[in-house]
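Below: structure-v9.txt (compact mmCIF, C-alpha atoms (C1' of nucleotides))
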```txt
# COMPACT_ATOMS: atom_id res chain seq x y z
CA MET N 684 49.68 -24.21 30.64
CA GLU N 685 51.19 -27.54 29.71
CA LEU N 686 49.74 -29.11 32.82
CA LEU N 687 46.15 -28.41 31.88
CA ILE N 688 46.56 -29.70 28.36
CA ASN N 689 48.12 -32.90 29.59
CA ASN N 690 45.31 -33.24 32.05
CA ILE N 691 42.74 -32.98 29.27
CA ARG N 692 44.70 -35.28 27.00
CA ARG N 693 44.49 -37.97 29.61
CA TYR N 694 40.90 -38.49 28.50
CA ILE N 695 40.61 -37.14 24.97
CA SER N 696 43.01 -36.36 22.14
CA LEU N 697 43.63 -32.79 21.12
CA SER N 698 45.61 -31.37 18.22
CA ASP N 699 48.06 -28.63 19.14
CA GLU N 700 45.77 -26.23 17.36
CA GLU N 701 42.78 -27.28 19.45
CA ALA N 702 44.84 -27.21 22.61
CA LYS N 703 45.78 -23.61 22.01
CA GLU N 704 42.21 -22.60 21.35
CA ILE N 705 40.95 -24.35 24.42
CA MET N 706 43.57 -22.72 26.59
CA SER N 707 42.26 -19.35 25.48
CA PHE N 708 39.04 -19.85 27.43
CA PHE N 709 40.93 -20.01 30.70
CA GLU N 710 42.28 -17.15 32.72
CA LEU N 711 45.43 -17.49 34.80
CA ASN N 712 45.36 -16.22 38.38
CA LYS N 713 47.65 -16.27 41.39
CA VAL N 714 46.76 -15.89 45.02
CA SER N 715 48.69 -16.05 48.26
CA LYS N 716 47.61 -18.28 51.13
CA LYS N 717 44.33 -17.88 53.01
CA ILE N 718 42.55 -16.04 50.22
CA MET N 719 38.84 -16.72 49.69
CA LEU N 720 37.97 -17.59 46.12
CA LEU N 721 34.36 -18.39 46.84
CA GLU N 722 32.17 -17.52 49.80
CA LYS N 723 28.91 -19.12 50.82
CA GLY N 724 26.10 -17.12 49.29
CA ASP N 725 28.06 -16.14 46.20
CA GLU N 726 27.23 -17.65 42.89
CA SER N 727 30.03 -19.94 41.85
CA ASP N 728 30.05 -19.25 38.15
CA PHE N 729 33.46 -20.84 37.57
CA THR N 730 35.50 -24.01 37.67
CA LEU N 731 39.13 -23.93 38.71
CA PHE N 732 42.12 -25.97 37.65
CA VAL N 733 45.03 -25.74 40.07
CA SER N 734 48.42 -25.45 38.40
CA SER N 735 50.42 -25.08 41.60
CA GLY N 736 49.72 -24.77 45.30
CA CYS N 737 46.60 -26.02 47.01
CA LEU N 738 42.96 -25.03 47.51
CA LYS N 739 40.32 -26.37 49.85
CA MET N 740 36.53 -26.40 49.58
CA TYR N 741 34.49 -26.66 52.78
CA SER N 742 31.13 -26.09 54.38
CA LEU N 743 30.44 -24.62 57.80
CA ASP N 744 27.86 -26.33 59.98
CA LYS N 745 25.54 -24.54 62.38
CA ASP N 746 28.19 -24.62 65.10
CA GLY N 747 30.65 -22.96 62.78
CA ILE N 748 32.72 -26.09 62.32
CA LYS N 749 34.48 -26.57 59.00
CA HIS N 750 33.93 -29.74 57.03
CA ILE N 751 36.37 -30.09 54.21
CA ILE N 752 34.76 -31.48 51.12
CA GLN N 753 37.72 -31.44 48.81
CA PHE N 754 41.33 -30.45 48.52
CA ALA N 755 42.72 -29.50 45.14
CA SER N 756 46.44 -29.41 44.68
CA GLU N 757 48.44 -29.30 41.48
CA ASP N 758 46.65 -30.88 38.52
CA TRP N 759 43.22 -31.01 40.18
CA TRP N 760 39.92 -29.43 39.31
CA ILE N 761 37.64 -27.87 41.87
CA SER N 762 34.27 -26.15 41.85
CA ASP N 763 30.96 -25.99 43.60
CA LEU N 764 29.08 -27.80 40.88
CA TYR N 765 25.75 -27.17 42.54
CA SER N 766 26.04 -23.45 42.26
CA PHE N 767 27.88 -23.67 38.97
CA LEU N 768 25.10 -25.67 37.35
CA THR N 769 21.99 -24.27 38.92
CA GLY N 770 23.06 -20.67 39.41
CA ASN N 771 21.92 -20.86 43.02
CA PRO N 772 24.08 -19.30 45.70
CA SER N 773 26.83 -21.58 46.90
CA GLU N 774 26.71 -23.59 50.11
CA TYR N 775 30.47 -23.84 50.24
CA TYR N 776 33.67 -21.88 50.58
CA ILE N 777 36.80 -22.21 48.46
CA GLU N 778 40.02 -20.89 49.98
CA SER N 779 43.73 -21.14 49.26
CA VAL N 780 45.78 -23.21 51.68
CA LYS N 781 49.09 -21.89 50.37
CA ASP N 782 50.29 -19.68 47.56
CA THR N 783 48.44 -21.00 44.57
CA SER N 784 48.13 -20.39 40.88
CA TYR N 785 45.11 -21.63 39.03
CA LEU N 786 43.28 -21.43 35.74
CA LYS N 787 39.75 -20.19 35.87
CA LEU N 788 36.99 -21.23 33.48
CA THR N 789 33.78 -19.29 33.81
CA LYS N 790 30.38 -20.80 33.14
CA GLU N 791 29.98 -18.50 30.19
CA GLN N 792 33.35 -19.39 28.72
CA ARG N 793 32.68 -23.03 29.24
CA GLU N 794 29.43 -22.83 27.31
CA ILE N 795 31.16 -21.13 24.41
CA MET N 796 33.96 -23.66 24.53
CA LEU N 797 31.56 -26.61 24.57
CA GLU N 798 29.71 -25.10 21.63
CA LYS N 799 32.90 -24.74 19.62
CA HIS N 800 34.63 -27.89 20.84
CA PRO N 801 32.03 -30.55 21.47
CA LYS N 802 34.91 -32.93 22.21
CA MET N 803 35.15 -31.21 25.52
CA GLU N 804 31.72 -32.56 26.45
CA ARG N 805 33.41 -35.90 26.40
CA PHE N 806 36.25 -34.67 28.54
CA PHE N 807 33.98 -33.23 31.20
CA ARG N 808 31.79 -36.30 31.07
CA ILE N 809 34.70 -38.62 31.75
CA MET N 810 36.17 -36.35 34.41
CA CYS N 811 32.83 -36.35 36.19
CA GLU N 812 32.53 -40.10 35.95
CA TYR N 813 35.85 -40.52 37.71
CA ASN N 814 34.81 -37.97 40.26
CA ILE N 815 31.70 -40.02 41.03
CA ILE N 816 33.79 -43.15 41.50
CA HIS N 817 35.92 -41.26 43.95
CA SER N 818 32.97 -39.82 45.84
CA ARG N 819 31.42 -43.24 46.18
CA LYS N 820 34.58 -44.67 47.65
CA ARG N 821 34.62 -41.86 50.13
CA ILE N 822 31.01 -42.50 51.12
CA VAL N 823 31.72 -46.18 51.62
CA ASP N 824 34.77 -45.28 53.69
CA LEU N 825 32.83 -42.91 55.91
CA MET N 826 30.32 -45.67 56.52
CA GLN N 827 32.46 -48.73 56.92
CA THR N 828 36.01 -47.73 57.78
CA PRO N 829 37.11 -46.68 61.28
CA ALA N 830 38.74 -43.27 61.58
CA LYS N 831 42.24 -44.57 62.09
CA GLU N 832 42.21 -46.44 58.80
CA ARG N 833 40.65 -43.50 57.01
CA TYR N 834 43.60 -41.43 58.15
CA GLU N 835 46.13 -43.99 56.98
CA LYS N 836 44.43 -44.26 53.61
CA PHE N 837 44.46 -40.51 53.27
CA CYS N 838 48.19 -40.33 53.94
CA LYS N 839 48.90 -42.99 51.37
CA MET N 840 46.58 -41.53 48.78
CA TYR N 841 47.53 -37.86 49.11
CA PRO N 842 51.11 -37.64 50.36
CA THR N 843 51.49 -34.21 48.80
CA ILE N 844 48.51 -32.78 50.58
CA VAL N 845 49.63 -34.20 53.91
CA ASN N 846 52.63 -31.88 53.66
CA ASP N 847 50.65 -28.93 52.40
CA VAL N 848 47.91 -28.60 54.96
CA PRO N 849 47.70 -28.53 58.76
CA LEU N 850 46.58 -31.72 60.47
CA LYS N 851 43.28 -30.29 61.52
CA HIS N 852 42.31 -29.91 57.89
CA ILE N 853 42.94 -33.57 57.34
CA ALA N 854 40.88 -34.37 60.42
CA SER N 855 38.09 -32.35 58.90
CA TYR N 856 38.37 -34.12 55.56
CA ILE N 857 38.22 -37.59 57.05
CA GLY N 858 35.40 -36.53 59.34
CA VAL N 859 36.82 -36.43 62.87
CA THR N 860 37.81 -33.73 65.36
CA PRO N 861 41.45 -32.61 65.42
CA GLU N 862 41.78 -33.81 69.01
CA PHE N 863 40.64 -37.26 68.11
CA LEU N 864 42.94 -37.49 65.13
CA SER N 865 45.80 -36.45 67.38
CA LYS N 866 44.99 -39.33 69.71
CA LEU N 867 44.78 -41.78 66.84
CA ARG N 868 48.22 -40.76 65.69
CA SER N 869 49.78 -41.10 69.11
CA ILE N 870 48.49 -44.64 69.58
CA ARG N 871 50.25 -46.34 66.73
CA MET C 1167 10.10 -46.40 26.86
CA GLU C 1168 8.54 -43.00 27.28
CA LEU C 1169 10.09 -42.69 30.72
CA LEU C 1170 13.65 -42.94 29.52
CA ILE C 1171 13.15 -40.46 26.73
CA ASN C 1172 11.62 -37.95 29.09
CA ASN C 1173 14.50 -38.54 31.45
CA ILE C 1174 16.98 -37.69 28.71
CA ARG C 1175 14.96 -34.76 27.49
CA ARG C 1176 15.24 -33.24 30.91
CA TYR C 1177 18.80 -32.28 29.99
CA ILE C 1178 19.00 -32.23 26.20
CA SER C 1179 16.53 -31.94 23.34
CA LEU C 1180 15.88 -34.88 21.06
CA SER C 1181 13.81 -35.15 17.90
CA ASP C 1182 11.40 -38.07 17.83
CA GLU C 1183 13.64 -39.61 15.22
CA GLU C 1184 16.69 -39.39 17.47
CA ALA C 1185 14.71 -40.63 20.43
CA LYS C 1186 13.73 -43.75 18.55
CA GLU C 1187 17.29 -44.42 17.48
CA ILE C 1188 18.64 -43.92 20.96
CA MET C 1189 16.09 -46.26 22.43
CA SER C 1190 17.36 -48.96 20.12
CA PHE C 1191 20.63 -49.18 22.02
CA PHE C 1192 18.83 -50.27 25.18
CA GLU C 1193 17.54 -53.69 26.01
CA LEU C 1194 14.44 -54.15 28.15
CA ASN C 1195 14.63 -56.66 30.99
CA LYS C 1196 12.41 -57.77 33.85
CA VAL C 1197 13.40 -59.47 37.05
CA SER C 1198 11.56 -60.53 40.16
CA LYS C 1199 12.73 -59.49 43.62
CA LYS C 1200 16.05 -60.55 45.14
CA ILE C 1201 17.74 -61.21 41.85
CA MET C 1202 21.43 -60.33 41.53
CA LEU C 1203 22.19 -58.21 38.51
CA LEU C 1204 25.83 -57.69 39.39
CA GLU C 1205 28.10 -59.59 41.77
CA LYS C 1206 31.37 -58.46 43.25
CA GLY C 1207 34.14 -59.71 41.01
CA ASP C 1208 32.11 -59.50 37.82
CA GLU C 1209 32.86 -56.85 35.28
CA SER C 1210 30.02 -54.37 35.23
CA ASP C 1211 29.89 -53.64 31.55
CA PHE C 1212 26.49 -51.99 31.66
CA THR C 1213 24.46 -49.10 32.98
CA LEU C 1214 20.84 -49.57 34.00
CA PHE C 1215 17.83 -47.33 33.86
CA VAL C 1216 14.99 -48.46 36.09
CA SER C 1217 11.56 -48.15 34.51
CA SER C 1218 9.63 -49.70 37.38
CA GLY C 1219 10.44 -51.34 40.69
CA CYS C 1220 13.62 -50.79 42.66
CA LEU C 1221 17.25 -51.86 42.67
CA LYS C 1222 19.95 -51.45 45.28
CA MET C 1223 23.72 -51.30 44.96
CA TYR C 1224 25.85 -52.22 47.97
CA SER C 1225 29.26 -53.32 49.17
CA LEU C 1226 30.03 -55.94 51.79
CA ASP C 1227 32.67 -55.13 54.39
CA LYS C 1228 35.04 -57.66 55.91
CA ASP C 1229 32.45 -58.61 58.54
CA GLY C 1230 29.94 -59.33 55.80
CA ILE C 1231 27.86 -56.27 56.59
CA LYS C 1232 26.03 -54.61 53.71
CA HIS C 1233 26.52 -50.94 53.05
CA ILE C 1234 24.00 -49.58 50.61
CA ILE C 1235 25.54 -47.12 48.23
CA GLN C 1236 22.52 -46.33 46.15
CA PHE C 1237 18.92 -47.18 45.59
CA ALA C 1238 17.43 -46.83 42.14
CA SER C 1239 13.70 -46.77 41.77
CA GLU C 1240 11.61 -45.71 38.81
CA ASP C 1241 13.32 -43.12 36.61
CA TRP C 1242 16.80 -43.58 38.12
CA TRP C 1243 20.07 -44.71 36.64
CA ILE C 1244 22.42 -47.09 38.37
CA SER C 1245 25.79 -48.66 37.64
CA ASP C 1246 29.14 -49.42 39.13
CA LEU C 1247 30.95 -46.71 37.23
CA TYR C 1248 34.30 -47.88 38.46
CA SER C 1249 34.04 -51.23 36.82
CA PHE C 1250 32.10 -49.83 33.88
CA LEU C 1251 34.83 -47.34 33.06
CA THR C 1252 37.98 -49.20 33.91
CA GLY C 1253 36.93 -52.74 33.06
CA ASN C 1254 38.18 -53.89 36.45
CA PRO C 1255 36.07 -56.35 38.43
CA SER C 1256 33.37 -54.71 40.46
CA GLU C 1257 33.57 -54.01 44.18
CA TYR C 1258 29.81 -53.85 44.48
CA TYR C 1259 26.62 -55.82 44.13
CA ILE C 1260 23.44 -54.77 42.37
CA GLU C 1261 20.27 -56.57 43.37
CA SER C 1262 16.55 -56.11 42.87
CA VAL C 1263 14.55 -55.12 45.94
CA LYS C 1264 11.21 -55.89 44.31
CA ASP C 1265 9.94 -56.92 40.91
CA THR C 1266 11.70 -54.57 38.57
CA SER C 1267 11.91 -53.75 34.92
CA TYR C 1268 14.88 -51.90 33.58
CA LEU C 1269 16.63 -50.83 30.42
CA LYS C 1270 20.17 -52.01 30.01
CA LEU C 1271 22.84 -50.14 28.11
CA THR C 1272 26.06 -52.04 27.61
CA LYS C 1273 29.42 -50.36 27.47
CA GLU C 1274 29.76 -51.39 23.87
CA GLN C 1275 26.35 -50.06 22.90
CA ARG C 1276 27.04 -46.85 24.74
CA GLU C 1277 30.23 -46.28 22.78
CA ILE C 1278 28.41 -46.81 19.50
CA MET C 1279 25.63 -44.55 20.63
CA LEU C 1280 28.03 -41.79 21.69
CA GLU C 1281 29.78 -42.08 18.36
CA LYS C 1282 26.55 -41.70 16.44
CA HIS C 1283 24.86 -39.23 18.79
CA PRO C 1284 27.48 -36.96 20.29
CA LYS C 1285 24.64 -35.08 21.93
CA MET C 1286 24.49 -37.90 24.38
CA GLU C 1287 27.93 -36.95 25.65
CA ARG C 1288 26.25 -33.85 26.89
CA PHE C 1289 23.47 -35.80 28.49
CA PHE C 1290 25.79 -38.10 30.37
CA ARG C 1291 27.99 -35.19 31.35
CA ILE C 1292 25.10 -33.31 32.91
CA MET C 1293 23.70 -36.41 34.55
CA CYS C 1294 27.08 -37.04 36.14
CA GLU C 1295 27.39 -33.48 37.30
CA TYR C 1296 24.12 -33.74 39.17
CA ASN C 1297 25.21 -37.05 40.56
CA ILE C 1298 28.34 -35.42 41.96
CA ILE C 1299 26.29 -32.70 43.61
CA HIS C 1300 24.20 -35.37 45.24
CA SER C 1301 27.20 -37.39 46.38
CA ARG C 1302 28.78 -34.34 47.94
CA LYS C 1303 25.67 -33.56 49.89
CA ARG C 1304 25.66 -37.09 51.16
CA ILE C 1305 29.28 -36.85 52.24
CA VAL C 1306 28.62 -33.62 54.08
CA ASP C 1307 25.61 -35.21 55.73
CA LEU C 1308 27.58 -38.22 56.87
CA MET C 1309 30.11 -35.88 58.42
CA GLN C 1310 27.99 -33.20 59.96
CA THR C 1311 24.46 -34.47 60.48
CA PRO C 1312 23.39 -36.71 63.36
CA ALA C 1313 21.80 -40.03 62.43
CA LYS C 1314 18.30 -39.06 63.44
CA GLU C 1315 18.25 -36.11 61.08
CA ARG C 1316 19.76 -38.16 58.31
CA TYR C 1317 16.86 -40.54 58.66
CA GLU C 1318 14.30 -37.78 58.58
CA LYS C 1319 15.90 -36.26 55.51
CA PHE C 1320 15.87 -39.62 53.81
CA CYS C 1321 12.17 -40.09 54.45
CA LYS C 1322 11.37 -36.69 53.05
CA MET C 1323 13.63 -37.06 50.07
CA TYR C 1324 12.71 -40.61 49.04
CA PRO C 1325 9.17 -41.30 50.22
CA THR C 1326 8.74 -43.91 47.51
CA ILE C 1327 11.76 -45.86 48.57
CA VAL C 1328 10.75 -45.80 52.21
CA ASN C 1329 7.77 -47.91 51.22
CA ASP C 1330 9.71 -50.16 48.90
CA VAL C 1331 12.54 -51.37 51.08
CA PRO C 1332 12.86 -52.83 54.58
CA LEU C 1333 14.02 -50.50 57.32
CA LYS C 1334 17.36 -52.15 57.67
CA HIS C 1335 18.22 -51.15 54.14
CA ILE C 1336 17.54 -47.55 55.00
CA ALA C 1337 19.68 -47.93 58.10
CA SER C 1338 22.43 -49.20 55.88
CA TYR C 1339 22.06 -46.33 53.44
CA ILE C 1340 22.22 -43.65 56.10
CA GLY C 1341 25.11 -45.44 57.77
CA VAL C 1342 23.78 -46.83 61.06
CA THR C 1343 22.89 -50.28 62.38
CA PRO C 1344 19.27 -51.41 62.10
CA GLU C 1345 19.04 -51.64 65.90
CA PHE C 1346 20.09 -48.07 66.31
CA LEU C 1347 17.70 -46.81 63.67
CA SER C 1348 14.93 -48.65 65.42
CA LYS C 1349 15.78 -46.83 68.65
CA LEU C 1350 15.87 -43.49 66.88
CA ARG C 1351 12.42 -44.09 65.50
CA SER C 1352 10.95 -45.06 68.85
CA ILE C 1353 12.19 -41.90 70.52
CA ARG C 1354 10.29 -39.39 68.47
C1' DC D 98 -0.38 -72.44 60.14
C1' DG D 99 4.54 -72.27 60.66
C1' DA D 100 9.21 -70.82 59.40
C1' DA D 101 12.05 -67.17 58.26
C1' DA D 102 12.93 -62.42 58.18
C1' DA D 103 12.29 -57.78 60.00
C1' DT D 104 11.88 -54.98 63.85
C1' DT D 105 12.13 -53.85 68.63
C1' DT D 106 14.07 -53.79 73.26
C1' DG D 107 17.56 -53.86 76.89
C1' DA D 108 22.20 -54.22 79.01
C1' DC D 109 26.53 -53.14 78.14
C1' DA D 110 30.76 -51.67 75.42
C1' DT D 111 33.32 -48.36 72.75
C1' DG D 112 34.56 -44.93 69.34
C1' DA D 113 34.42 -40.38 68.89
C1' DC D 114 33.35 -35.77 70.85
C1' DT D 115 33.75 -31.75 74.27
C1' DC D 116 36.13 -28.84 77.01
C1' DA D 117 39.92 -27.19 79.24
C1' DA D 118 44.71 -27.07 80.05
C1' DC D 119 49.28 -27.41 78.38
C1' DT D 120 53.28 -27.42 74.87
C1' DG D 121 55.86 -25.78 71.25
C1' DG D 122 56.71 -23.39 67.03
C1' DA D 123 56.11 -19.46 63.71
C1' DG D 124 55.40 -14.93 63.16
C1' DT D 125 55.56 -9.96 64.71
C1' DG D 126 56.85 -5.73 66.65
C1' DG D 127 59.70 -3.14 69.55
C1' DC G 61 67.20 -10.54 69.04
C1' DC G 62 64.04 -10.97 72.74
C1' DA G 63 59.29 -10.97 74.47
C1' DC G 64 54.82 -11.74 73.11
C1' DT G 65 51.08 -13.57 70.82
C1' DC G 66 48.78 -16.82 68.12
C1' DC G 67 48.00 -21.10 66.16
C1' DA G 68 48.53 -26.02 65.65
C1' DG G 69 48.96 -29.93 68.06
C1' DT G 70 48.73 -32.87 72.25
C1' DT G 71 46.81 -34.76 76.53
C1' DG G 72 43.36 -36.06 79.97
C1' DA G 73 38.75 -36.43 82.21
C1' DG G 74 34.20 -36.94 81.48
C1' DT G 75 30.23 -37.53 78.24
C1' DC G 76 27.41 -38.83 74.39
C1' DA G 77 26.25 -41.11 70.15
C1' DT G 78 26.28 -45.22 68.21
C1' DG G 79 27.57 -50.11 68.11
C1' DT G 80 27.28 -55.11 69.88
C1' DC G 81 25.00 -59.01 71.32
C1' DA G 82 21.22 -61.58 72.70
C1' DA G 83 16.47 -62.15 73.31
C1' DA G 84 11.60 -61.00 72.58
C1' DT G 85 8.10 -59.64 69.40
C1' DT G 86 5.98 -58.73 65.07
C1' DT G 87 5.45 -59.21 60.23
C1' DT G 88 5.81 -61.57 55.90
C1' DC G 89 4.94 -65.13 53.00
C1' DG G 90 5.15 -69.89 51.34
```
Hey, can you dump this file as structure tokens for me?
Amino acid sequence: MELLINNIRRYISLSDEEAKEIMSFFELNKVSKKIMLLEKGDESDFTLFVSSGCLKMYSLDKDGIKHIIQFASEDWWISDLYSFLTGNPSEYYIESVKDTSYLKLTKEQREIMLEKHPKMERFFRIMCEYNIIHSRKRIVDLMQTPAKERYEKFCKMYPTIVNDVPLKHIASYIGVTPEFLSKLRSIR
Amino acid sequence: MELLINNIRRYISLSDEEAKEIMSFFELNKVSKKIMLLEKGDESDFTLFVSSGCLKMYSLDKDGIKHIIQFASEDWWISDLYSFLTGNPSEYYIESVKDTSYLKLTKEQREIMLEKHPKMERFFRIMCEYNIIHSRKRIVDLMQTPAKERYEKFCKMYPTIVNDVPLKHIASYIGVTPEFLSKLRSIR
DNA sequence: CGAAAATTTGACATGACTCAACTGGAGTGG
DNA sequence: CCACTCCAGTTGAGTCATGTCAAATTTTCG
């Protein structure tokens, strides 16, 4: 897919030849909405790149309440790195929010790819670095920003996702109950 | 320093020759407590590896309240990746909590090092991946774990740091006011 | 020892949650 | 195409976790 190659080229340069080879490590898949791609307890031996649609990753707490860790819509990567790296069973779930097509890179394929294309180490390194920046901002927000502002920020930052997912998912992502988010919205 | 080399060897293998060369990109520094290593507004063009002592990274909100993003004691890395990567002025502060010695790797030196030792791409990639895992756990905790438990987890996870820093810093890290943490502790 | 900082304590305020009831669409099946 | 169900979303009353502010106490350290 064009989209993936452009995504990679944002951080490193690739010849057309290389691009084609790299693509060959990925497998294209399509799912309809509400399909589980990863269940808690499974080993997450893959990383996904969403080419259209939207996925969500979440955990369930002891009361069975969902906490959304990440959305991934078009042009985003998503995986349970913990399980992916350590081989331990996953703590999280990954599920489609709408009809979605994605490219799948298995752990095994990634190792082979990194072996053959050490450039890609650089790509994944940089991608991770940006991910860390993002995670840190989110941590700071959870600590120092009131819920109402978190919601407004979310809407500004992810206008696409706001249209793709039900409100209660957004509530979960920003860390409040759906009822409370509803009240926040009505106040404005 | 031995410590740094062992830290790197946790993820990739290095010959003694390589280890020596890699060390040469770092600069050893020592500071006493309460010294600012990075101020908001500066460009953070370095990454630090703490070889003894303890550093903290924090943001200040509009009311001037500190929110600790990360501690780094012996054998930890710390940097404001955002500023380090983008060259934009930093949003954060880095300050020593006690007398500390650390190894400094500048952006420039890192680029040269990565050029000469592409292996290190792999090291930084893996380090970042583990960092992301950790950040995600912290996000989930902030969302789904009550403050008391967060405190208990912190004590278990970072017994060293508990002794190194005042309580109010821990309160800040787990995302509560010092007064409230104090009450939590007295309840037990 | 004495000043400054860290920690504790208490009274009170508030943001966010719980639970239950209600509303309004979006399917679904007859 | 209607009746029915099932969610998502809203609303309200009451509660709980955590914050605020101010003061008292303890610890740290020059």
Using only C-alpha atoms, find the residues of chain C whose closest atom to chain N is at most 9 Å away, then write them as a PDB file with C-alpha atoms, keeping the file's coordinate frame.
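Saved file result_29.pdb follows:
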```
ATOM      1  CA  SER C1225      29.260 -53.320  49.170  1.00  0.00           C
ATOM      2  CA  ASP C1227      32.670 -55.130  54.390  1.00  0.00           C
ATOM      3  CA  ILE C1231      27.860 -56.270  56.590  1.00  0.00           C
ATOM      4  CA  HIS C1233      26.520 -50.940  53.050  1.00  0.00           C
ATOM      5  CA  ILE C1234      24.000 -49.580  50.610  1.00  0.00           C
ATOM      6  CA  ILE C1235      25.540 -47.120  48.230  1.00  0.00           C
ATOM      7  CA  ASP C1246      29.140 -49.420  39.130  1.00  0.00           C
ATOM      8  CA  LEU C1247      30.950 -46.710  37.230  1.00  0.00           C
ATOM      9  CA  TYR C1248      34.300 -47.880  38.460  1.00  0.00           C
ATOM     10  CA  LEU C1251      34.830 -47.340  33.060  1.00  0.00           C
ATOM     11  CA  PRO C1284      27.480 -36.960  20.290  1.00  0.00           C
ATOM     12  CA  LYS C1285      24.640 -35.080  21.930  1.00  0.00           C
ATOM     13  CA  GLU C1287      27.930 -36.950  25.650  1.00  0.00           C
ATOM     14  CA  ARG C1288      26.250 -33.850  26.890  1.00  0.00           C
ATOM     15  CA  PHE C1289      23.470 -35.800  28.490  1.00  0.00           C
ATOM     16  CA  PHE C1290      25.790 -38.100  30.370  1.00  0.00           C
ATOM     17  CA  ARG C1291      27.990 -35.190  31.350  1.00  0.00           C
ATOM     18  CA  ILE C1292      25.100 -33.310  32.910  1.00  0.00           C
ATOM     19  CA  MET C1293      23.700 -36.410  34.550  1.00  0.00           C
ATOM     20  CA  CYS C1294      27.080 -37.040  36.140  1.00  0.00           C
ATOM     21  CA  GLU C1295      27.390 -33.480  37.300  1.00  0.00           C
ATOM     22  CA  TYR C1296      24.120 -33.740  39.170  1.00  0.00           C
ATOM     23  CA  ASN C1297      25.210 -37.050  40.560  1.00  0.00           C
ATOM     24  CA  ILE C1298      28.340 -35.420  41.960  1.00  0.00           C
ATOM     25  CA  ILE C1299      26.290 -32.700  43.610  1.00  0.00           C
ATOM     26  CA  HIS C1300      24.200 -35.370  45.240  1.00  0.00           C
ATOM     27  CA  SER C1301      27.200 -37.390  46.380  1.00  0.00           C
ATOM     28  CA  ARG C1302      28.780 -34.340  47.940  1.00  0.00           C
ATOM     29  CA  ARG C1304      25.660 -37.090  51.160  1.00  0.00           C
ATOM     30  CA  ILE C1305      29.280 -36.850  52.240  1.00  0.00           C
ATOM     31  CA  VAL C1306      28.620 -33.620  54.080  1.00  0.00           C
ATOM     32  CA  LEU C1308      27.580 -38.220  56.870  1.00  0.00           C
ATOM     33  CA  MET C1309      30.110 -35.880  58.420  1.00  0.00           C
ATOM     34  CA  GLN C1310      27.990 -33.200  59.960  1.00  0.00           C
ATOM     35  CA  THR C1311      24.460 -34.470  60.480  1.00  0.00           C
ATOM     36  CA  SER C1338      22.430 -49.200  55.880  1.00  0.00           C
ATOM     37  CA  TYR C1339      22.060 -46.330  53.440  1.00  0.00           C
ATOM     38  CA  ILE C1340      22.220 -43.650  56.100  1.00  0.00           C
ATOM     39  CA  GLY C1341      25.110 -45.440  57.770  1.00  0.00           C
ATOM     40  CA  VAL C1342      23.780 -46.830  61.060  1.00  0.00           C
TER      41      VAL C1342
END
```
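Using all atoms listed in the file, one finds that the residues of chain C close to chain G, at 9 Å or less, are Pro1312, Ala1313, Val1342, Thr1343, Glu1345 and Phe1346 of chain C.
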Pull out every residue of chain D sitting within 10 Å of chain N, counting all atoms listed in the file, and send them as a list in words. DG112, DA113, DC114 and DT115 of chain D
Restricted to C-alpha atoms (C1' of nucleotides), what would the selected residues look like written as a compact mmCIF listing (two decimals), in the frame of the given file?
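The file below, part-v9.txt, is the result:
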```txt
# COMPACT_ATOMS: atom_id res chain seq x y z
C1' DG D 112 34.56 -44.93 69.34
C1' DA D 113 34.42 -40.38 68.89
C1' DC D 114 33.35 -35.77 70.85
C1' DT D 115 33.75 -31.75 74.27
```
Please provide the set of residues having any atom within 10 Å of Asp1265 (chain C), restricted to only C-alpha atoms (C1' of nucleotides), with same-chain residues fewer than 4 positions apart removed, written as a PDB file with C-alpha atoms, keeping the file's coordinate frame.
```
ATOM      1  CA  LYS C1196      12.410 -57.770  33.850  1.00  0.00           C
ATOM      2  CA  VAL C1197      13.400 -59.470  37.050  1.00  0.00           C
ATOM      3  CA  SER C1198      11.560 -60.530  40.160  1.00  0.00           C
ATOM      4  CA  LYS C1199      12.730 -59.490  43.620  1.00  0.00           C
ATOM      5  CA  LYS C1200      16.050 -60.550  45.140  1.00  0.00           C
ATOM      6  CA  ILE C1201      17.740 -61.210  41.850  1.00  0.00           C
ATOM      7  CA  SER C1218       9.630 -49.700  37.380  1.00  0.00           C
ATOM      8  CA  GLY C1219      10.440 -51.340  40.690  1.00  0.00           C
ATOM      9  CA  CYS C1220      13.620 -50.790  42.660  1.00  0.00           C
ATOM     10  CA  LEU C1221      17.250 -51.860  42.670  1.00  0.00           C
TER      11      LEU C1221
END
```
How many Å separate CA of Asn1172 (chain C) from CA of Ser1245 (chain C)?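 These two atoms are separated by 19.7 Å.
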List the residues sitting within 7 Å of (26.4, -22.3, 45.3) in the file's frame, using only C-alpha atoms (C1' of nucleotides), as a PyMOL selection string. chain N and resi 723-727+763+765-767+770-775
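Going from CA of Ile688 (chain N) to CA of Met706 (chain N) covers 7.8 Å.
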Can you tell me how far CA of Glu832 (chain N) sits from CA of Asp847 (chain N), in Å to one decimal?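 Between these atoms lies a distance of 20.5 Å.
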Nearby residues, (16.1, -50.2, 37.6) file frame, 10 Å, only C-alpha atoms (C1' of nucleotides), as a VMD selection string: chain C and resid 1195 to 1197 1213 to 1222 1237 to 1245 1260 to 1263 1265 to 1270
